[in-house]
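Trainee: This one is start03.txt, compact mmCIF, C-alpha atoms.
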```
# COMPACT_ATOMS: atom_id res chain seq x y z
CA MET A 1 145.32 37.47 304.91
CA LYS A 2 142.09 35.48 304.76
CA ASP A 3 142.55 34.41 308.40
CA LYS A 4 142.89 38.06 309.41
CA GLN A 5 139.76 39.04 307.49
CA MET A 6 137.87 36.18 309.12
CA GLN A 7 139.05 37.30 312.57
CA VAL A 8 137.93 40.85 311.83
CA ARG A 9 134.49 39.55 310.82
CA TRP A 10 134.20 37.51 314.01
CA ARG A 11 135.38 40.54 315.95
CA LEU A 12 132.54 42.61 314.43
CA ILE A 13 130.03 39.91 315.32
CA LEU A 14 131.23 39.30 318.88
CA GLY A 15 132.34 42.83 319.75
CA THR A 16 134.79 43.81 322.47
CA PHE A 17 133.95 40.64 324.39
CA ALA A 18 136.22 38.71 322.00
CA ASP A 19 139.30 40.94 322.35
CA ASP A 20 141.20 38.54 324.61
CA SER A 21 140.53 35.56 322.37
CA LEU A 22 141.19 37.17 318.99
CA SER A 23 143.85 39.70 319.98
CA ILE A 24 143.39 41.85 316.89
CA ASP A 25 145.38 45.05 316.87
CA ASP A 26 143.57 46.79 314.07
CA THR A 27 142.73 50.50 314.04
CA THR A 28 140.01 49.95 311.45
CA SER A 29 138.30 47.38 313.68
CA GLN A 30 138.29 49.89 316.51
CA GLN A 31 136.78 52.54 314.25
CA LEU A 32 134.12 50.10 313.08
CA ASP A 33 133.34 49.32 316.72
CA GLU A 34 132.97 52.97 317.57
CA ALA A 35 130.68 53.65 314.64
CA LEU A 36 128.47 50.65 315.38
CA ASN A 37 128.36 51.19 319.15
CA PHE A 38 127.48 54.86 318.79
CA LEU A 39 124.23 53.77 317.16
CA TYR A 40 123.45 50.35 318.59
CA ASP A 41 124.36 51.05 322.23
CA ARG A 42 120.93 52.68 322.28
CA GLU A 43 119.56 49.14 322.60
CA TYR A 44 121.11 49.17 326.08
CA GLY A 45 119.75 52.58 327.01
CA GLN A 46 123.03 54.37 326.27
CA GLU A 47 123.07 57.46 324.10
CA GLN A 48 126.78 57.59 323.29
CA GLY A 49 129.97 55.73 323.96
CA ILE A 50 131.44 52.26 323.62
CA ARG A 51 130.08 49.21 325.39
CA GLN A 52 132.77 47.62 327.51
CA LYS A 53 133.05 44.01 328.71
CA ASN A 54 131.33 44.87 331.98
CA GLY A 55 128.42 46.44 330.09
CA GLN A 56 129.39 50.00 331.03
CA SER A 57 129.75 52.78 328.52
CA GLY A 58 133.23 54.10 327.94
CA GLN A 59 133.81 57.80 327.38
CA GLY A 60 136.63 59.98 326.14
CA ASN A 61 137.98 59.98 322.59
CA SER A 62 135.59 57.25 321.49
CA VAL A 63 132.51 59.44 321.95
CA PHE A 64 131.23 60.76 318.64
CA SER A 65 129.33 63.82 317.67
CA VAL A 66 126.58 63.04 315.17
CA PRO A 67 128.38 64.79 312.27
CA ARG A 68 131.57 62.83 312.91
CA TRP A 69 129.62 59.59 313.22
CA ILE A 70 127.87 59.96 309.86
CA ARG A 71 131.15 60.88 308.14
CA ASN A 72 132.87 57.80 309.57
CA VAL A 73 129.97 55.54 308.67
CA ARG A 74 130.15 56.67 305.04
CA ARG A 75 133.89 56.09 304.99
CA LEU A 76 133.91 52.69 306.69
CA PHE A 77 130.87 50.91 305.27
CA PRO A 78 129.43 50.13 301.80
CA LYS A 79 126.68 52.40 300.50
CA LYS A 80 123.93 49.85 301.16
CA THR A 81 125.04 49.42 304.76
CA VAL A 82 125.16 53.20 305.22
CA GLU A 83 121.57 53.47 304.01
CA ILE A 84 120.43 50.77 306.44
CA MET A 85 122.18 52.45 309.38
CA GLN A 86 120.73 55.86 308.46
CA LYS A 87 117.26 54.36 308.29
CA GLN A 88 117.61 52.66 311.68
CA ALA A 89 119.08 55.80 313.23
CA LEU A 90 115.99 57.75 312.23
CA ASP A 91 113.20 55.18 312.36
CA LYS A 92 114.27 53.08 315.34
CA TYR A 93 116.39 55.39 317.47
CA GLN A 94 114.79 58.73 316.58
CA MET A 95 118.13 60.47 315.97
CA THR A 96 116.44 63.59 314.66
CA ALA A 97 119.76 65.43 314.85
CA LEU A 98 120.42 63.81 311.48
CA LEU A 99 117.71 66.07 310.05
CA THR A 100 118.19 69.23 312.10
CA ASP A 101 121.95 69.72 311.73
CA PRO A 102 122.92 71.06 308.27
CA ASP A 103 126.43 69.59 308.52
CA VAL A 104 124.99 66.13 309.13
CA LEU A 105 122.30 66.44 306.49
CA ARG A 106 124.91 67.24 303.85
CA GLU A 107 126.68 63.98 304.67
CA MET A 108 123.53 61.85 304.42
CA GLU A 109 123.00 59.47 301.51
CA PRO A 110 120.07 60.83 299.44
CA ASN A 111 117.56 58.00 298.93
CA LEU A 112 113.89 57.15 299.34
CA ASP A 113 114.21 56.46 303.08
CA LEU A 114 115.82 59.85 303.69
CA LEU A 115 113.11 61.47 301.59
CA LYS A 116 110.41 59.86 303.75
CA ASN A 117 112.07 60.98 306.95
CA ILE A 118 112.40 64.55 305.69
CA LEU A 119 108.69 64.57 304.89
CA THR A 120 107.90 63.13 308.32
CA PHE A 121 110.07 65.48 310.37
CA ARG A 122 110.11 68.60 308.21
CA ASN A 123 107.92 70.48 310.69
CA ILE A 124 110.66 70.27 313.34
CA MET A 125 113.43 71.32 310.97
CA PRO A 126 114.98 74.70 311.73
CA GLN A 127 115.00 77.35 309.02
CA SER A 128 118.72 76.77 308.47
CA VAL A 129 118.19 73.27 307.01
CA GLN A 130 114.87 73.65 305.18
CA MET A 131 116.43 74.74 301.89
CA LEU A 132 118.96 71.91 302.08
CA ALA A 133 116.16 69.43 302.85
CA TYR A 134 114.19 70.72 299.84
CA GLU A 135 117.23 70.16 297.60
CA ILE A 136 117.55 66.58 298.85
CA VAL A 137 113.86 65.91 298.21
CA GLN A 138 114.24 67.42 294.74
CA LYS A 139 117.25 65.23 293.94
CA VAL A 140 115.60 61.99 295.06
CA VAL A 141 112.28 62.77 293.36
CA ARG A 142 113.99 63.62 290.07
CA GLU A 143 115.94 60.37 290.14
CA ILE A 144 112.76 58.36 290.74
CA GLN A 145 110.91 60.39 288.12
CA GLN A 146 113.55 59.85 285.46
CA GLN A 147 113.60 56.11 286.08
CA LEU A 148 109.82 55.78 286.02
CA GLU A 149 109.31 58.09 283.05
CA ILE A 150 111.37 55.86 280.77
CA LYS A 151 109.47 52.74 281.86
CA ILE A 152 106.05 54.38 281.62
CA LYS A 153 106.64 55.86 278.17
CA ARG A 154 107.69 52.44 276.95
CA VAL A 155 104.46 51.01 278.32
CA PHE A 156 102.38 53.53 276.33
CA TYR A 157 104.49 53.91 273.21
CA GLY A 158 106.33 50.58 273.00
CA LYS A 159 110.07 50.58 272.38
CA LYS A 160 109.74 53.70 270.24
CA LEU A 161 109.23 56.81 272.33
CA PRO A 162 107.34 59.94 271.15
CA ASN A 163 110.46 61.49 269.59
CA SER A 164 111.18 58.42 267.47
CA THR A 165 110.65 58.47 263.71
CA THR A 166 107.56 57.24 261.89
CA ASN A 167 106.44 56.58 258.33
CA TYR A 168 103.28 58.60 258.89
CA ARG A 169 104.61 61.80 257.30
CA ILE A 170 102.18 64.62 257.82
CA TYR A 171 102.88 68.18 258.88
CA ARG A 172 101.39 67.65 262.35
CA ASN A 173 104.05 65.01 263.05
CA PHE A 174 106.96 66.99 261.56
CA ASP A 175 109.87 67.25 264.04
CA ILE A 176 111.59 70.46 262.98
CA LYS A 177 114.08 70.48 265.86
CA LYS A 178 115.35 66.97 265.14
CA THR A 179 115.41 67.64 261.39
CA ILE A 180 117.69 70.65 261.89
CA GLN A 181 119.96 68.85 264.36
CA LYS A 182 120.40 65.80 262.13
CA ASN A 183 121.13 67.86 259.03
CA LEU A 184 123.53 70.41 260.53
CA LYS A 185 126.46 68.54 259.00
CA HIS A 186 125.11 69.52 255.57
CA TYR A 187 125.18 73.24 256.34
CA ASP A 188 126.82 75.28 253.54
CA PRO A 189 128.67 78.26 255.09
CA GLU A 190 129.19 80.00 251.72
CA SER A 191 125.54 80.12 250.75
CA ARG A 192 124.51 80.14 254.42
CA LYS A 193 121.93 77.48 253.68
CA LEU A 194 121.04 74.24 255.37
CA VAL A 195 120.76 71.38 252.92
CA VAL A 196 118.10 69.02 254.27
CA GLU A 197 118.77 65.45 253.14
CA ARG A 198 116.20 63.82 255.42
CA LEU A 199 113.04 64.94 257.18
CA TYR A 200 112.16 63.54 260.61
CA PHE A 201 108.67 62.97 261.98
CA ASN A 202 107.30 61.98 265.36
CA GLN A 203 104.93 59.10 265.87
CA SER A 204 101.32 60.06 265.35
CA VAL A 205 99.66 60.77 268.69
CA LYS A 206 95.97 61.33 269.13
CA ARG A 207 95.69 64.68 270.91
CA TYR A 208 91.93 65.13 270.94
CA ASN A 209 89.11 63.65 272.99
CA PRO A 210 91.47 62.65 275.83
CA TRP A 211 90.88 60.20 278.63
CA HIS A 212 90.46 61.72 282.08
CA VAL A 213 92.30 60.27 285.06
CA VAL A 214 91.15 61.44 288.51
CA ILE A 215 93.62 60.39 291.21
CA LEU A 216 92.54 60.52 294.87
CA VAL A 217 95.38 59.94 297.33
CA ASP A 218 95.02 59.14 301.02
CA GLU A 219 97.75 61.07 302.86
CA SER A 220 97.49 59.22 306.17
CA GLY A 221 100.82 58.24 307.69
CA SER A 222 100.63 54.59 306.63
CA MET A 223 100.39 55.62 302.96
CA MET A 224 103.68 57.52 302.73
CA ASP A 225 105.35 55.39 300.05
CA SER A 226 102.17 55.42 297.97
CA VAL A 227 101.84 59.19 298.29
CA ILE A 228 105.38 59.65 296.97
CA TYR A 229 104.98 57.33 293.99
CA THR A 230 101.45 58.58 293.19
CA SER A 231 102.60 62.21 293.09
CA ILE A 232 105.43 61.33 290.73
CA MET A 233 103.19 59.10 288.59
CA ALA A 234 100.57 61.85 288.30
CA SER A 235 103.21 64.30 287.05
CA ILE A 236 104.35 61.78 284.42
CA PHE A 237 100.80 60.95 283.29
CA ALA A 238 100.10 64.68 282.96
CA LYS A 239 102.75 64.88 280.23
CA LEU A 240 100.99 62.30 278.08
CA PRO A 241 99.13 64.07 275.25
CA PHE A 242 96.05 61.81 275.41
CA VAL A 243 95.43 61.97 279.18
CA ASP A 244 93.96 64.76 281.29
CA VAL A 245 94.98 64.31 284.93
CA LYS A 246 93.51 65.59 288.18
CA LEU A 247 95.30 64.99 291.49
CA VAL A 248 93.57 65.26 294.86
CA ILE A 249 95.05 64.47 298.28
CA PHE A 250 92.91 63.96 301.34
CA ASP A 251 92.76 63.10 305.02
CA THR A 252 89.66 64.49 306.74
CA SER A 253 89.82 67.42 304.31
CA VAL A 254 90.36 67.50 300.54
CA VAL A 255 93.00 69.46 298.62
CA ASP A 256 93.05 69.67 294.82
CA LEU A 257 96.66 69.87 293.56
CA SER A 258 95.91 69.49 289.86
CA GLU A 259 97.46 72.88 289.08
CA HIS A 260 100.79 71.71 290.54
CA LEU A 261 101.27 68.52 288.53
CA ASP A 262 104.43 69.90 286.95
CA ASP A 263 106.02 70.14 290.41
CA PRO A 264 105.92 66.79 292.26
CA VAL A 265 108.47 68.09 294.78
CA GLY A 266 106.19 70.98 295.68
CA ILE A 267 103.27 68.56 295.98
CA LEU A 268 105.15 66.35 298.43
CA MET A 269 106.22 69.32 300.52
CA LYS A 270 102.53 70.28 300.84
CA VAL A 271 101.45 66.83 302.04
CA GLN A 272 100.54 66.60 305.74
CA LEU A 273 101.12 62.96 306.62
CA GLY A 274 99.05 61.56 309.46
CA GLY A 275 95.68 62.46 310.91
CA GLY A 276 92.26 61.02 310.14
CA THR A 277 90.78 59.73 306.90
CA ASN A 278 87.52 60.59 305.15
CA ILE A 279 87.42 58.62 301.90
CA ASP A 280 83.73 59.38 301.42
CA ARG A 281 84.43 63.12 301.24
CA ALA A 282 87.28 62.60 298.77
CA LEU A 283 85.07 60.47 296.50
CA GLU A 284 82.33 63.10 296.65
CA TYR A 285 84.83 65.70 295.44
CA GLY A 286 86.23 63.31 292.83
CA LYS A 287 82.76 62.73 291.35
CA LYS A 288 82.49 66.47 290.67
CA LEU A 289 85.65 66.28 288.54
CA ILE A 290 84.14 63.68 286.21
CA VAL A 291 83.04 65.40 282.98
CA ALA A 292 82.95 62.40 280.64
CA PRO A 293 82.14 59.26 282.66
CA GLN A 294 82.67 56.83 279.76
CA LYS A 295 86.22 58.14 279.30
CA THR A 296 87.20 58.57 282.95
CA ILE A 297 89.38 56.47 285.21
CA VAL A 298 89.14 57.16 288.94
CA VAL A 299 92.19 55.95 290.86
CA LEU A 300 91.66 55.72 294.63
CA VAL A 301 94.95 55.20 296.49
CA SER A 302 94.00 54.33 300.06
CA ASP A 303 94.24 51.65 302.73
CA LEU A 304 90.40 51.87 302.86
CA TYR A 305 90.26 52.37 306.62
CA GLU A 306 87.39 54.84 306.52
CA GLY A 307 87.03 57.41 309.28
CA GLY A 308 83.85 58.85 307.79
CA ASN A 309 80.66 57.15 306.62
CA TYR A 310 81.59 53.63 305.51
CA GLN A 311 78.32 52.85 303.68
CA SER A 312 78.35 56.24 301.99
CA MET A 313 81.89 55.54 300.75
CA LEU A 314 80.68 52.30 299.15
CA ARG A 315 77.67 54.06 297.57
CA ARG A 316 79.87 56.70 295.97
CA CYS A 317 82.11 54.01 294.51
CA HIS A 318 79.01 52.27 293.15
CA ASP A 319 77.80 55.56 291.60
CA ILE A 320 81.15 56.05 289.85
CA LEU A 321 81.00 52.58 288.34
CA GLU A 322 77.28 52.83 287.50
CA ALA A 323 77.94 56.03 285.52
CA GLY A 324 80.38 54.15 283.29
CA SER A 325 83.72 55.22 284.73
CA LYS A 326 86.49 52.81 285.60
CA LEU A 327 87.49 52.59 289.26
CA PHE A 328 90.94 51.44 290.31
CA VAL A 329 91.42 50.97 294.05
CA LEU A 330 95.06 50.73 295.08
CA PRO A 331 95.77 49.83 298.73
CA ALA A 332 99.42 50.45 297.81
CA LEU A 333 101.23 51.98 294.83
CA ASP A 334 104.88 51.28 295.49
CA TYR A 335 107.44 48.50 295.65
CA ALA A 336 106.65 47.35 299.19
CA ALA A 337 105.87 43.68 299.64
CA VAL A 338 102.95 43.57 302.12
CA PRO A 339 100.32 46.34 302.09
CA CYS A 340 98.06 46.79 305.10
CA TYR A 341 94.45 47.63 304.23
CA ASP A 342 90.80 46.92 305.02
CA ARG A 343 90.31 43.63 303.18
CA GLY A 344 86.57 43.59 303.86
CA ALA A 345 86.10 46.91 302.08
CA ALA A 346 88.39 45.77 299.25
CA LYS A 347 86.26 42.64 298.68
CA GLN A 348 83.05 44.67 298.54
CA LEU A 349 84.55 47.11 296.04
CA ALA A 350 85.84 44.25 293.89
CA ALA A 351 82.39 42.68 293.94
CA MET A 352 80.96 45.96 292.59
CA GLY A 353 83.28 45.84 289.61
CA ALA A 354 86.22 47.94 290.80
CA ASP A 355 89.73 46.72 290.07
CA VAL A 356 91.46 46.29 293.43
CA ALA A 357 95.16 45.48 293.83
CA ALA A 358 98.38 46.64 295.44
CA ILE A 359 100.65 47.25 292.46
CA THR A 360 103.84 48.89 291.25
CA PRO A 361 103.89 52.10 289.19
CA GLU A 362 104.67 50.13 286.03
CA GLU A 363 101.69 47.86 286.60
CA LEU A 364 99.41 50.88 287.01
CA SER A 365 100.70 52.21 283.68
CA LYS A 366 99.87 48.92 281.97
CA TRP A 367 96.44 48.95 283.59
CA VAL A 368 95.68 52.47 282.35
CA ARG A 369 97.05 51.70 278.87
CA GLU A 370 94.80 48.65 278.52
CA VAL A 371 91.73 50.76 279.34
CA ILE A 372 92.48 53.64 276.97
CA SER A 373 93.79 51.51 274.10
```
Translate this structure into structure tokens?
Mentor:
Amino acid sequence: MKDKQMQVRWRLILGTFADDSLSIDDTTSQQLDEALNFLYDREYGQEQGIRQKNGQSGQGNSVFSVPRWIRNVRRLFPKKTVEIMQKQALDKYQMTALLTDPDVLREMEPNLDLLKNILTFRNIMPQSVQMLAYEIVQKVVREIQQQLEIKIKRVFYGKKLPNSTTNYRIYRNFDIKKTIQKNLKHYDPESRKLVVERLYFNQSVKRYNPWHVVILVDESGSMMDSVIYTSIMASIFAKLPFVDVKLVIFDTSVVDLSEHLDDPVGILMKVQLGGGTNIDRALEYGKKLIVAPQKTIVVLVSDLYEGGNYQSMLRRCHDILEAGSKLFVLPALDYAAVPCYDRGAAKQLAAMGADVAAITPEELSKWVREVIS
């Protein structure tokens, strides 16, 4: 059995060229070949078919339609492999049929890479798949949001979240909903009264004199991952009772999306990735949103490649810091390993007193918590 598995693995590595030597009569191997060749024959300038020993493309029953190919890929390969092949099909081989055919889109594995491709190609999507694409974006964003929300709340509140109990028993912290739920077992049907054996209270949270967080996000094409995570992070921060959040996206123009913080999916569907960059203009707008400089954090998410006035950009950053606000400059806010940004500009901003680093969402949360604590 192990010898057969090893032969199948070698067969996948060597392809049809090894048929005479290995002599494997395995239907699954043939199906794996077909699925792989349908995609990777594009390296040889072939759109469809199976590469034969003489380098020619075979036709007939082995030729896939895109819907059949994606179904077979999901059936034959592990989930991680499917995600890699989907990503290469879109990013490397520009198989936009994956995003324009509703039957294919339904078969796709919802993940961050698919989300990014939907955002990139949504303008070419026909009306028939736009609703389906929106649902996929919504599913992926909610999954990311749920994962991050737990981590971020723990950063701000510790192991006990806002709905955990506390010894600080005042009316403002009284949790009536939890008190009723926990005492329902003591309900007396005859007297129709709820006997409350224990009262529950939330942790005390300071709800006045909040900190202000102004987030400016560069929506140029190279910042896609950061745009996604920043939009989700902004929506989570907006739920914190001691933080007032403003969200602004920019390229050569500036759009204030602060009124849509409860809808990160809607925010992402409004983003126009690509185009020029005018950081100076975004900072000018951001300065107008600062109402209490000593209690304001300005978060600039950008690769710092300025298309506007470079010196004016630096002056505005200096003005923000001089007024007493904190300035975080994030060349990347995601889980990518190597950000690409203007290191010269980053060094000048760091020398002014700005905090400059490519970080993960959790690290940004810790950064903000340390400032407002």
Trainee: Can you pull out every residue within 10 Å of Lys116 of chain A, counting only C-alpha atoms, but drop anything in the same chain fewer than 6 positions away, and send it as a VMD selection string?
Mentor: chain A and resid 87 122 137 224 to 225 228 268
Trainee: To one decimal place, how far is atom CA of Tyr134 of chain A from atom CA of Asn278 of chain A in Å?
Mentor: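 Between atom CA of Tyr134 of chain A and atom CA of Asn278 of chain A the gap works out to 29.0 Å.
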Trainee: Leaving out Ser325 of chain A and any residue of its chain fewer than 3 positions from it, which residues lie within 12 Å of it when counting only C-alpha atoms, given as a VMD selection string?
Mentor: chain A and resid 211 to 214 286 to 287 289 to 299 316 to 322 328 353 to 355 371 to 372
Trainee: Could you tell me how far atom CA of Leu36 of chain A sits from atom CA of Asn72 of chain A, in Å to one decimal place?
Mentor: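 About the pair atom CA of Asn72 of chain A and atom CA of Leu36 of chain A: they are 10.2 Å apart.
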Trainee: Select, from A:Lys270, A:Val66, A:Lys178, A:Val329, the residue with the minimum atom-to-atom distance to Ala350 of chain A, counting only C-alpha atoms.
Mentor: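 Checking each candidate against Ala350 of chain A, we get A:Val329 as the closest.
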Trainee: Contacts of segment 123-128 of chain A at 10 Å or less, counting all atoms listed in the file, minus same-chain residues fewer than 3 places along, as a list of chain:residue names?
Mentor: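 Counting only the stated atoms, we get A:Thr96, A:Ala97, A:Leu99, A:Thr100, A:Asp101, A:Pro102, A:Ile118, A:Leu119, A:Thr120, A:Met131, A:Leu132, A:Ala133, A:Gln272.
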Trainee: Please produce an output containing C-alpha atoms for each residue in the selection, written as a JSON list (two decimals), keeping the file's coordinate frame.
Mentor:
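Written file, selection.json:
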```json
[["chain", "number", "residue", "atom", "x", "y", "z"],
["A", 96, "THR", "CA", 116.44, 63.59, 314.66],
["A", 97, "ALA", "CA", 119.76, 65.43, 314.85],
["A", 99, "LEU", "CA", 117.71, 66.07, 310.05],
["A", 100, "THR", "CA", 118.19, 69.23, 312.10],
["A", 101, "ASP", "CA", 121.95, 69.72, 311.73],
["A", 102, "PRO", "CA", 122.92, 71.06, 308.27],
["A", 118, "ILE", "CA", 112.40, 64.55, 305.69],
["A", 119, "LEU", "CA", 108.69, 64.57, 304.89],
["A", 120, "THR", "CA", 107.90, 63.13, 308.32],
["A", 131, "MET", "CA", 116.43, 74.74, 301.89],
["A", 132, "LEU", "CA", 118.96, 71.91, 302.08],
["A", 133, "ALA", "CA", 116.16, 69.43, 302.85],
["A", 272, "GLN", "CA", 100.54, 66.60, 305.74]]
```
Trainee: Could you tell me how far atom CA of Val141 of chain A lies from atom CA of Pro110 of chain A, in Å and to one decimal?
Mentor: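 Interatomic distance, atom CA of Val141 of chain A to atom CA of Pro110 of chain A: 10.1 Å.
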Trainee: Given the choices A:Leu314, A:Leu39, A:Leu273, A:Val104, which gets closest to Ser222 of chain A if the distance is worked out from only C-alpha atoms?
Mentor: A:Leu273
Trainee: Using 3 Å of padding on each side, determine the axis-aligned box around all atoms of segment 227-230 of chain A present in the file and give its centre and edge lengths in Å to one decimal, as lines of an AutoDock Vina configuration file.
Mentor:
```
center_x = 103.4
center_y = 58.5
center_z = 295.7
size_x = 9.9
size_y = 8.3
size_z = 11.1
```
Trainee: Near Leu300 of chain A, within 10 Å and counting only C-alpha atoms, which residues show up once chain neighbours fewer than 4 positions away are dropped, as a PyMOL selection string?
Mentor: chain A and resi 214-218+248+279+282-283+286+304+317+327-332+356
Trainee: Find the residues near His260 of chain A: any atom within 12 Å, counting only C-alpha atoms, skip ones fewer than 6 places away on the same chain, and give them as a list of chain:residue names.
Mentor: A:Ser231, A:Ile232, A:Ala234, A:Ser235, A:Ala238, A:Val245, A:Lys246, A:Leu247, A:Val248, A:Gly266, A:Ile267, A:Leu268, A:Met269, A:Lys270
Trainee: Which of these residues is nearest to Ile180 of chain A, using all atoms listed in the file: A:Asp334, A:Glu143, A:Glu197, A:Asp244?
Mentor: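 Of the candidates, the smallest distance to Ile180 of chain A is held by A:Glu197.
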Trainee: May I ask which of the residues A:Asp91, A:Glu34, A:Glu362, A:Asp188 is the closest one to Leu333 of chain A, counting only C-alpha atoms?
Mentor: A:Glu362
Trainee: Out of A:Lys79, A:Lys185, A:Arg281, A:Lys326, which residue has the shortest atom-to-atom distance to Glu306 of chain A when counting all atoms listed in the file?
Mentor: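 With all atoms listed in the file as the atom set, the closest residue is A:Arg281.
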